[in-house]
Structure formats: C-alpha cells, structure tokens
file coords-v7.pdb (PDB, C-alpha atoms)
ATOM      1  CA  ALA A   1      80.298  91.175  95.598
ATOM      2  CA  MET A   2      82.087  94.488  95.350
ATOM      3  CA  PRO A   3      83.430  95.144  91.829
ATOM      4  CA  PHE A   4      86.922  96.003  93.020
ATOM      5  CA  PHE A   5      87.473  92.632  94.695
ATOM      6  CA  LYS A   6      90.257  90.899  92.776
ATOM      7  CA  LYS A   7      92.425  87.825  93.069
ATOM      8  CA  PRO A   8      95.718  88.066  94.962
ATOM      9  CA  CYS A   9      98.439  89.753  92.896
ATOM     10  CA  ASN A  10     101.123  87.161  92.232
ATOM     11  CA  TYR A  11     103.806  89.265  90.594
ATOM     12  CA  VAL A  12     106.458  91.171  92.535
ATOM     13  CA  HIS A  13     105.877  94.911  92.492
ATOM     14  CA  ASN A  14     105.485  98.123  94.442
ATOM     15  CA  ASP A  15     102.408 100.284  93.927
ATOM     16  CA  TYR A  16     104.356 103.553  93.677
ATOM     17  CA  THR A  17     107.792 104.736  92.645
ATOM     18  CA  VAL A  18     109.820 107.317  94.558
ATOM     19  CA  ARG A  19     108.352 109.897  92.149
ATOM     20  CA  SER A  20     104.751 108.749  91.912
ATOM     21  CA  GLY A  21     104.343 108.424  95.675
ATOM     22  CA  PHE A  22     105.031 112.145  95.885
ATOM     23  CA  THR A  23     102.820 113.169  92.960
ATOM     24  CA  ARG A  24      99.958 110.879  94.005
ATOM     25  CA  THR A  25      99.932 112.513  97.430
ATOM     26  CA  GLN A  26      99.641 115.903  95.732
ATOM     27  CA  GLN A  27      96.801 114.677  93.503
ATOM     28  CA  LEU A  28      94.837 113.202  96.373
ATOM     29  CA  LEU A  29      95.201 116.027  98.885
ATOM     30  CA  SER A  30      95.233 119.189  96.773
ATOM     31  CA  PRO A  31      91.401 119.387  96.539
ATOM     32  CA  TYR A  32      91.230 119.435 100.344
ATOM     33  CA  SER A  33      94.016 121.863 101.194
ATOM     34  CA  THR A  34      95.348 125.262 100.249
ATOM     35  CA  GLU A  35      98.411 125.216  98.036
ATOM     36  CA  LEU A  36     100.476 126.834 100.783
ATOM     37  CA  GLU A  37      99.409 124.329 103.461
ATOM     38  CA  LEU A  38     100.039 121.313 101.247
ATOM     39  CA  GLU A  39     103.404 122.593 100.067
ATOM     40  CA  GLY A  40     104.475 123.145 103.668
ATOM     41  CA  ALA A  41     103.319 119.712 104.800
ATOM     42  CA  MET A  42     105.083 117.962 101.921
ATOM     43  CA  LYS A  43     108.393 119.629 102.711
ATOM     44  CA  GLY A  44     108.541 117.452 105.827
ATOM     45  CA  ARG A  45     108.771 113.685 105.916
ATOM     46  CA  PHE A  46     105.698 111.737 104.837
ATOM     47  CA  ALA A  47     105.033 108.182 103.744
ATOM     48  CA  ILE A  48     102.337 105.994 102.219
ATOM     49  CA  ILE A  49     101.672 102.971 104.424
ATOM     50  CA  ASN A  50      99.700  99.891 103.402
ATOM     51  CA  PHE A  51      97.522  98.170 106.005
ATOM     52  CA  TRP A  52      96.945  94.575 104.833
ATOM     53  CA  TYR A  53      94.296  92.561 106.644
ATOM     54  CA  PRO A  54      93.171  88.954 106.100
ATOM     55  CA  LEU A  55      89.396  88.514 106.301
ATOM     56  CA  SER A  56      89.786  84.808 107.101
ATOM     57  CA  PRO A  57      92.683  82.442 107.899
ATOM     58  CA  VAL A  58      95.301  82.522 105.140
ATOM     59  CA  GLU A  59      95.705  78.977 103.834
ATOM     60  CA  ARG A  60      97.434  79.839 100.560
ATOM     61  CA  ASP A  61      98.925  82.816  98.660
ATOM     62  CA  PRO A  62     100.344  84.596 101.739
ATOM     63  CA  LEU A  63     101.667  88.114 101.278
ATOM     64  CA  GLY A  64     105.450  88.257 101.132
ATOM     65  CA  CYS A  65     107.838  91.228 101.121
ATOM     66  CA  VAL A  66     111.434  91.732 100.019
ATOM     67  CA  THR A  67     113.625  93.317 102.677
ATOM     68  CA  TRP A  68     114.864  96.801 101.894
ATOM     69  CA  ALA A  69     118.428  95.822 102.747
ATOM     70  CA  SER A  70     118.442  93.293  99.881
ATOM     71  CA  THR A  71     116.820  95.643  97.316
ATOM     72  CA  ARG A  72     118.884  97.579  94.770
ATOM     73  CA  PRO A  73     117.870 100.273  92.244
ATOM     74  CA  ARG A  74     118.416  97.953  89.279
ATOM     75  CA  ASP A  75     116.033  95.418  90.836
ATOM     76  CA  VAL A  76     113.079  97.576  89.774
ATOM     77  CA  GLN A  77     111.707  98.576  86.388
ATOM     78  CA  THR A  78     109.545 101.692  86.323
ATOM     79  CA  ILE A  79     106.250 101.212  84.479
ATOM     80  CA  ARG A  80     104.455 104.455  83.646
ATOM     81  CA  TYR A  81     100.706 104.254  83.046
ATOM     82  CA  HIS A  82      98.653 106.715  81.010
ATOM     83  CA  TYR A  83      94.965 106.607  81.831
ATOM     84  CA  LEU A  84      92.069 106.887  79.427
ATOM     85  CA  ALA A  85      89.876 110.020  79.579
ATOM     86  CA  THR A  86      92.081 111.780  82.168
ATOM     87  CA  ASP A  87      95.398 113.597  82.058
ATOM     88  CA  ARG A  88      96.719 111.549  84.951
ATOM     89  CA  THR A  89      99.781 109.350  84.715
ATOM     90  CA  GLY A  90     101.015 106.941  87.356
ATOM     91  CA  GLU A  91     104.093 104.840  87.991
ATOM     92  CA  ILE A  92     104.728 101.523  89.693
ATOM     93  CA  TYR A  93     107.801  99.354  90.138
ATOM     94  CA  ASP A  94     107.934  95.917  88.553
ATOM     95  CA  ALA A  95     110.595  93.815  90.241
ATOM     96  CA  ARG A  96     113.388  92.051  88.382
ATOM     97  CA  TYR A  97     114.735  88.772  89.682
ATOM     98  CA  ASN A  98     117.696  89.012  92.018
ATOM     99  CA  PRO A  99     118.914  85.835  93.782
ATOM    100  CA  ASP A 100     120.164  88.035  96.639
ATOM    101  CA  HIS A 101     116.656  89.135  97.579
ATOM    102  CA  ASP A 102     115.663  88.210 101.136
ATOM    103  CA  TRP A 103     111.974  87.395 101.439
ATOM    104  CA  VAL A 104     109.812  87.432 104.539
ATOM    105  CA  TYR A 105     106.230  86.298 105.053
ATOM    106  CA  PHE A 106     103.992  85.344 107.943
ATOM    107  CA  SER A 107     102.327  81.963 107.617
ATOM    108  CA  GLY A 108      98.843  81.151 108.849
ATOM    109  CA  MET A 109      97.731  84.728 109.441
ATOM    110  CA  ASP A 110      94.132  85.225 110.552
ATOM    111  CA  SER A 111      91.763  88.101 111.220
ATOM    112  CA  SER A 112      93.393  88.860 114.559
ATOM    113  CA  GLU A 113      96.527  89.995 112.699
ATOM    114  CA  ALA A 114      97.515  92.566 110.085
ATOM    115  CA  LEU A 115     100.604  93.711 108.220
ATOM    116  CA  LEU A 116     101.847  97.262 107.832
ATOM    117  CA  PHE A 117     104.398  97.912 105.113
ATOM    118  CA  LYS A 118     105.664 100.936 103.239
ATOM    119  CA  LEU A 119     104.795 101.834  99.656
ATOM    120  CA  PHE A 120     106.638 105.169  99.705
ATOM    121  CA  ASP A 121     108.767 107.232 102.060
ATOM    122  CA  LEU A 122     110.172 110.663 101.271
ATOM    123  CA  ASP A 123     113.091 110.132 103.659
ATOM    124  CA  GLN A 124     116.029 108.749 101.697
ATOM    125  CA  SER A 125     117.871 107.633 104.851
ATOM    126  CA  VAL A 126     115.372 104.847 105.686
ATOM    127  CA  ALA A 127     113.645 101.967 103.894
ATOM    128  CA  ARG A 128     111.561 103.655 101.188
ATOM    129  CA  PHE A 129     109.260 100.834 100.027
ATOM    130  CA  ALA A 130     108.765  97.073 100.186
ATOM    131  CA  LEU A 131     108.511  95.031  97.014
ATOM    132  CA  HIS A 132     105.729  92.536  97.626
ATOM    133  CA  SER A 133     103.618  89.783  96.103
ATOM    134  CA  ALA A 134     101.284  86.925  96.898
ATOM    135  CA  LEU A 135     103.505  83.855  97.236
ATOM    136  CA  ASP A 136     103.079  80.368  95.828
ATOM    137  CA  VAL A 137     104.496  78.455  98.796
ATOM    138  CA  GLN A 138     105.810  74.955  98.168
ATOM    139  CA  GLY A 139     104.025  72.143  99.960
ATOM    140  CA  VAL A 140     100.612  73.830 100.101
ATOM    141  CA  GLU A 141      97.880  71.265  99.595
ATOM    142  CA  PRO A 142      95.699  71.672  96.487
ATOM    143  CA  GLY A 143      92.118  72.766  96.978
ATOM    144  CA  LEU A 144      92.693  75.088  99.935
ATOM    145  CA  SER A 145      90.548  78.207 100.110
ATOM    146  CA  GLN A 146      91.763  81.211  98.167
ATOM    147  CA  ARG A 147      93.018  84.065 100.255
ATOM    148  CA  ARG A 148      90.527  86.796 101.185
ATOM    149  CA  SER A 149      92.046  90.076 102.284
ATOM    150  CA  ILE A 150      91.661  93.832 102.093
ATOM    151  CA  GLU A 151      94.136  96.666 102.132
ATOM    152  CA  ILE A 152      93.930 100.305 103.158
ATOM    153  CA  ARG A 153      96.472 102.938 102.209
ATOM    154  CA  SER A 154      97.253 105.813 104.544
ATOM    155  CA  ILE A 155      99.338 108.924 103.996
ATOM    156  CA  VAL A 156     101.326 109.541 107.175
ATOM    157  CA  PHE A 157     102.912 112.912 108.000
ATOM    158  CA  TYR A 158     105.675 112.670 110.572
ATOM    159  CA  GLU A 159     105.846 116.369 111.376
ATOM    160  CA  GLU A 160     103.237 118.801 112.623
ATOM    161  CA  THR A 161     100.588 119.883 110.128
ATOM    162  CA  PRO A 162      98.061 122.747 110.398
ATOM    163  CA  ASP A 163      94.909 122.188 112.449
ATOM    164  CA  ASN A 164      92.217 120.374 110.439
ATOM    165  CA  PHE A 165      94.670 119.713 107.602
ATOM    166  CA  VAL A 166      92.745 117.842 104.827
ATOM    167  CA  ALA A 167      90.094 117.026 107.443
ATOM    168  CA  ASP A 168      87.390 116.663 104.770
ATOM    169  CA  PHE A 169      89.340 114.174 102.671
ATOM    170  CA  VAL A 170      87.325 111.453 100.933
ATOM    171  CA  ALA A 171      89.019 108.651  99.023
ATOM    172  CA  PRO A 172      88.304 108.908  95.258
ATOM    173  CA  HIS A 173      86.618 105.508  95.012
ATOM    174  CA  LEU A 174      84.021 106.659  97.560
ATOM    175  CA  LEU A 175      83.055 109.740  95.558
ATOM    176  CA  LEU A 176      80.087 109.516  93.220
ATOM    177  CA  ASN A 177      81.107 109.632  89.542
ATOM    178  CA  SER A 178      84.749 110.264  90.363
ATOM    179  CA  SER A 179      86.999 109.969  87.301
ATOM    180  CA  ASP A 180      89.853 109.171  89.670
ATOM    181  CA  ALA A 181      88.352 106.030  91.210
ATOM    182  CA  ASP A 182      90.208 102.825  90.366
ATOM    183  CA  GLU A 183      87.223 101.222  88.636
ATOM    184  CA  ALA A 184      86.059 104.347  86.796
ATOM    185  CA  GLU A 185      86.144 104.523  83.016
ATOM    186  CA  GLY A 186      88.753 107.234  83.226
ATOM    187  CA  MET A 187      91.128 104.944  85.083
ATOM    188  CA  VAL A 188      91.310 102.360  82.296
ATOM    189  CA  ARG A 189      94.931 102.287  81.226
ATOM    190  CA  GLN A 190      95.311 103.704  77.751
ATOM    191  CA  HIS A 191      98.920 102.613  77.358
ATOM    192  CA  GLU A 192     102.057 102.101  79.373
ATOM    193  CA  GLU A 193     105.732 102.930  79.055
ATOM    194  CA  VAL A 194     108.632 100.853  80.318
ATOM    195  CA  LEU A 195     111.303 103.264  81.531
ATOM    196  CA  PRO A 196     115.046 102.498  81.339
ATOM    197  CA  LEU A 197     116.784 100.957  84.322
ATOM    198  CA  GLY A 198     118.915 103.267  86.425
ATOM    199  CA  ASP A 199     121.434 103.311  89.250
ATOM    200  CA  GLU A 200     119.135 105.403  91.420
ATOM    201  CA  TYR A 201     115.495 104.949  92.378
TER
END

call {"tool": "encode", "arguments": {"input": "coords-v7.pdb", "output": "structure tokens"}}
result
Amino acid sequence: AMPFFKKPCNYVHNDYTVRSGFTRTQQLLSPYSTELELEGAMKGRFAIINFWYPLSPVERDPLGCVTWASTRPRDVQTIRYHYLATDRTGEIYDARYNPDHDWVYFSGMDSSEALLFKLFDLDQSVARFALHSALDVQGVEPGLSQRRSIEIRSIVFYEETPDNFVADFVAPHLLLNSSDADEAEGMVRQHEEVLPLGDEY
C-alpha cells in the first residue's frame, strides 16, 4: 500500500485559504519559471481545482460540499501550520457550524464518475472555494466497504501564459528526497496557530 493512503477526512474544511492558495501556487511553480513569467501569470485569474475520483463504488462516507452561496466569512477558522525542518507555513480553513449551510453530495458514485470542486480562486466575484468533508449519511447499513478514492489538484490559469510555462513541473511528492512532499520529515507539523475570526476571507 502507498504510505500516503489515508482514511476519508470526516471534518469540514478547505485545504487552502484565500491567502495560502496564492502563496502555495508561488511555492510550487517558482522553481520551474522565471520570476517575471510567474508574476505575470499570477496577475491574471487562476484557481486550484480538486479532481476527486472513486476507485470503486461509494457505499459509505460520500464526499459532500457546502454551497458557496450559503458560506460566510465567519463560518471558517483559519488554521496556520508551521512545518518541522522547513521555513514553510501553510493555512487551511476549518469550518464552524452554521445551520444555514446547504450541503450537496452525489450518492452511489462509481469509477465512471468524478467530482471537480474548487479549493481556491483568485477571482473575488465568483465562488472561491468549497468547504467539504466525508459524510456520515443516516441509514447506511453497518459493515459496508470503506470508501476508496484518490484526488488530484490542478492549478488552472484562465488567461494566456507564455509558451512552455512551467512545462517541466513535477509534483513535490514525486521528487526524490523532497522536503516539500506531504509525507517527508520536513512536512511534519511543528505547531499550529488558530487565527481570529474575521468579516472577510
């Protein structure tokens, strides 16, 4: 089994904040681009999109998302992570309960289907992210197979970029001895901060 295979995440969250989605894009792409090219590309609209794919029929723990229209800035608590053996910090959103949240999920998904949802969008005039979680759905029979799924994150630029822009990009977890890979020693969380709630994201 691959070491990064984990159980479904059953707490409501988003993997980036409106700040960390921007900075993570810089961190990932700067080794593969000139400063001028990357700065120009990031002046236009870009987003981080999650591709979620079930490896087998989903019998339990389906992935659910909160609609953007029912999400408010005070529904999210920013958690800032400081990582061991690196100078990198990261931020995620932990969701706070709001009875006005509208949830959506797709029951009985199988390997002929996939979900695309946003983790970050620079454009403030559109939905910027989707709070999400594995769901404990009422009425599910005990003993059903645990969900098996994978996800792939893509950085999407909506405007024209230079020819061969970051064409040599390799995801950190595929690089040998990368200190930036999720399972590397350097990515062990040293400590975390809980930032104050605010009226803006």

call {"tool": "atom_distance", "arguments": {"input": "coords-v7.pdb", "atom1": "atom CA of A:Arg60", "atom2": "atom CA of A:His101"}}
result
21.6 Å

call {"tool": "residues_near_point", "arguments": {"input": "coords-v7.pdb", "point": "(111.7, 100.3, 88.2)", "cutoff": "7 Å", "atoms": "all atoms listed in the file", "output": "tab-separated table (two decimals) with C-alpha atoms, in the coordinates of the input"}}
result
chain	number	residue	atom	x	y	z
A	76	VAL	CA	113.08	97.58	89.77
A	77	GLN	CA	111.71	98.58	86.39
A	78	THR	CA	109.54	101.69	86.32
A	79	ILE	CA	106.25	101.21	84.48
A	93	TYR	CA	107.80	99.35	90.14
A	94	ASP	CA	107.93	95.92	88.55
A	95	ALA	CA	110.60	93.82	90.24
A	197	LEU	CA	116.78	100.96	84.32

call {"tool": "atom_distance", "arguments": {"input": "coords-v7.pdb", "atom1": "atom CA of A:Lys43", "atom2": "atom CA of A:Val194"}}
result
29.2 Å

call {"tool": "closest_atom_pairs", "arguments": {"input": "coords-v7.pdb", "of": "stretch 33-135 of chain A", "to": "stretch 13-21 of chain A", "cutoff": "9 Å", "atoms": "all atoms listed in the file", "output": "tab-separated table"}}
result
residue	atom	partner	partner_atom	distance
A:Ala47	CA	A:Gly21	CA	8.1
A:Ile48	CA	A:Gly21	CA	7.3
A:Val76	CA	A:His13	CA	8.1
A:Thr78	CA	A:Thr17	CA	7.2
A:Thr89	CA	A:Ser20	CA	8.8
A:Gly90	CA	A:Ser20	CA	6.2
A:Glu91	CA	A:Ser20	CA	5.6
A:Ile92	CA	A:Tyr16	CA	4.5
A:Tyr93	CA	A:Asn14	CA	5.0
A:Asp94	CA	A:His13	CA	4.6
A:Ala95	CA	A:His13	CA	5.3
A:Leu119	CA	A:Tyr16	CA	6.2
A:Phe120	CA	A:Gly21	CA	5.7
A:Asp121	CA	A:Val18	CA	7.6
A:Leu122	CA	A:Val18	CA	7.5
A:Arg128	CA	A:Val18	CA	7.8
A:Phe129	CA	A:Asn14	CA	7.3
A:Ala130	CA	A:Asn14	CA	6.7
A:Leu131	CA	A:Asn14	CA	5.0
A:His132	CA	A:His13	CA	5.7
A:Ser133	CA	A:His13	CA	6.7

call {"tool": "resolve_selection", "arguments": {"input": "coords-v7.pdb", "expression": "the PyMOL selection byres ((chain A and resi 102) around 6)", "output": "short mmCIF file (atom, residue, chain, number, x, y, z; two decimals) with C-alpha atoms, keeping the file's coordinate frame"}}
result
data_model
loop_
_atom_site.label_atom_id
_atom_site.label_comp_id
_atom_site.auth_asym_id
_atom_site.auth_seq_id
_atom_site.Cartn_x
_atom_site.Cartn_y
_atom_site.Cartn_z
CA VAL A 66 111.43 91.73 100.02
CA THR A 67 113.62 93.32 102.68
CA SER A 70 118.44 93.29 99.88
CA HIS A 101 116.66 89.14 97.58
CA TRP A 103 111.97 87.40 101.44
#

call {"tool": "axis_aligned_box", "arguments": {"input": "coords-v7.pdb", "around": "stretch 52-56 of chain A", "padding_each_side": "3 Å", "output": "lines of an AutoDock Vina configuration file"}}
result
center_x = 93.2
center_y = 89.7
center_z = 106.0
size_x = 13.5
size_y = 15.8
size_z = 8.3

call {"tool": "residues_around", "arguments": {"input": "coords-v7.pdb", "residues": "A:Leu116", "least_positions_apart": "4", "cutoff": "7 Å", "atoms": "only C-alpha atoms", "output": "MDAnalysis selection string"}}
result
chainID A and resid 49:52

call {"tool": "resolve_selection", "arguments": {"input": "coords-v7.pdb", "expression": "the PyMOL selection byres ((chain A and resi 193) around 8)", "output": "mmCIF file with C-alpha atoms, keeping the file's coordinate frame"}}
result
data_model
loop_
_atom_site.group_PDB
_atom_site.id
_atom_site.type_symbol
_atom_site.label_atom_id
_atom_site.label_comp_id
_atom_site.auth_asym_id
_atom_site.auth_seq_id
_atom_site.Cartn_x
_atom_site.Cartn_y
_atom_site.Cartn_z
ATOM 1 C CA ILE A 79 106.250 101.212 84.479
ATOM 2 C CA ARG A 80 104.455 104.455 83.646
ATOM 3 C CA TYR A 81 100.706 104.254 83.046
ATOM 4 C CA HIS A 191 98.920 102.613 77.358
ATOM 5 C CA GLU A 192 102.057 102.101 79.373
ATOM 6 C CA VAL A 194 108.632 100.853 80.318
ATOM 7 C CA LEU A 195 111.303 103.264 81.531
#

call {"tool": "residues_around", "arguments": {"input": "coords-v7.pdb", "residues": "A:Ser33", "least_positions_apart": "4", "cutoff": "7 Å", "atoms": "only C-alpha atoms", "output": "PyMOL selection string"}}
result
chain A and resi 29+37-38+165-166

call {"tool": "resolve_selection", "arguments": {"input": "coords-v7.pdb", "expression": "the PyMOL selection byres ((chain A and resi 7) around 12)", "output": "NGL selection string"}}
result
:A and (3-6 or 8-11 or 61 or 133-134 or 146-150)

call {"tool": "write_last_selection", "arguments": {"input": "coords-v7.pdb", "atoms": "C-alpha atoms", "output": "mmCIF file, keeping the file's coordinate frame"}}
result
data_model
loop_
_atom_site.group_PDB
_atom_site.id
_atom_site.type_symbol
_atom_site.label_atom_id
_atom_site.label_comp_id
_atom_site.auth_asym_id
_atom_site.auth_seq_id
_atom_site.Cartn_x
_atom_site.Cartn_y
_atom_site.Cartn_z
ATOM 1 C CA PRO A 3 83.430 95.144 91.829
ATOM 2 C CA PHE A 4 86.922 96.003 93.020
ATOM 3 C CA PHE A 5 87.473 92.632 94.695
ATOM 4 C CA LYS A 6 90.257 90.899 92.776
ATOM 5 C CA PRO A 8 95.718 88.066 94.962
ATOM 6 C CA CYS A 9 98.439 89.753 92.896
ATOM 7 C CA ASN A 10 101.123 87.161 92.232
ATOM 8 C CA TYR A 11 103.806 89.265 90.594
ATOM 9 C CA ASP A 61 98.925 82.816 98.660
ATOM 10 C CA SER A 133 103.618 89.783 96.103
ATOM 11 C CA ALA A 134 101.284 86.925 96.898
ATOM 12 C CA GLN A 146 91.763 81.211 98.167
ATOM 13 C CA ARG A 147 93.018 84.065 100.255
ATOM 14 C CA ARG A 148 90.527 86.796 101.185
ATOM 15 C CA SER A 149 92.046 90.076 102.284
ATOM 16 C CA ILE A 150 91.661 93.832 102.093
#

call {"tool": "atom_distance", "arguments": {"input": "coords-v7.pdb", "atom1": "atom CA of A:Thr23", "atom2": "atom CA of A:Cys65"}}
result
23.9 Å

call {"tool": "residues_near_point", "arguments": {"input": "coords-v7.pdb", "point": "(93.2, 83.3, 104.3)", "cutoff": "10 Å", "atoms": "only C-alpha atoms", "output": "JSON, numbers by chain"}}
result
{"A": [53, 54, 55, 56, 57, 58, 59, 60, 61, 62, 107, 108, 109, 110, 111, 144, 145, 146, 147, 148, 149]}

call {"tool": "residues_around", "arguments": {"input": "coords-v7.pdb", "residues": "A:Met42", "least_positions_apart": "3", "cutoff": "9 Å", "atoms": "all atoms listed in the file", "output": "PDB file with C-alpha atoms, in the frame of the given file"}}
result
ATOM      1  CA  PHE A  22     105.031 112.145  95.885  1.00  0.00           C
ATOM      2  CA  THR A  25      99.932 112.513  97.430  1.00  0.00           C
ATOM      3  CA  GLN A  26      99.641 115.903  95.732  1.00  0.00           C
ATOM      4  CA  GLU A  37      99.409 124.329 103.461  1.00  0.00           C
ATOM      5  CA  LEU A  38     100.039 121.313 101.247  1.00  0.00           C
ATOM      6  CA  GLU A  39     103.404 122.593 100.067  1.00  0.00           C
ATOM      7  CA  ARG A  45     108.771 113.685 105.916  1.00  0.00           C
ATOM      8  CA  PHE A  46     105.698 111.737 104.837  1.00  0.00           C
ATOM      9  CA  LEU A 122     110.172 110.663 101.271  1.00  0.00           C
ATOM     10  CA  PHE A 157     102.912 112.912 108.000  1.00  0.00           C
TER      11      PHE A 157
END

call {"tool": "closest_residue", "arguments": {"input": "coords-v7.pdb", "among": "A:Arg88, A:Asp75, A:Leu36, A:Tyr83", "to": "A:Asp199", "atoms": "only C-alpha atoms"}}
result
A:Asp75

call {"tool": "closest_residue", "arguments": {"input": "coords-v7.pdb", "among": "A:Leu115, A:Trp68, A:Phe106, A:Val137", "to": "A:Glu151", "atoms": "all atoms listed in the file"}}
result
A:Leu115

call {"tool": "closest_residue", "arguments": {"input": "coords-v7.pdb", "among": "A:Leu135, A:Thr34, A:Leu84, A:Val126", "to": "A:Leu63", "atoms": "all atoms listed in the file"}}
result
A:Leu135
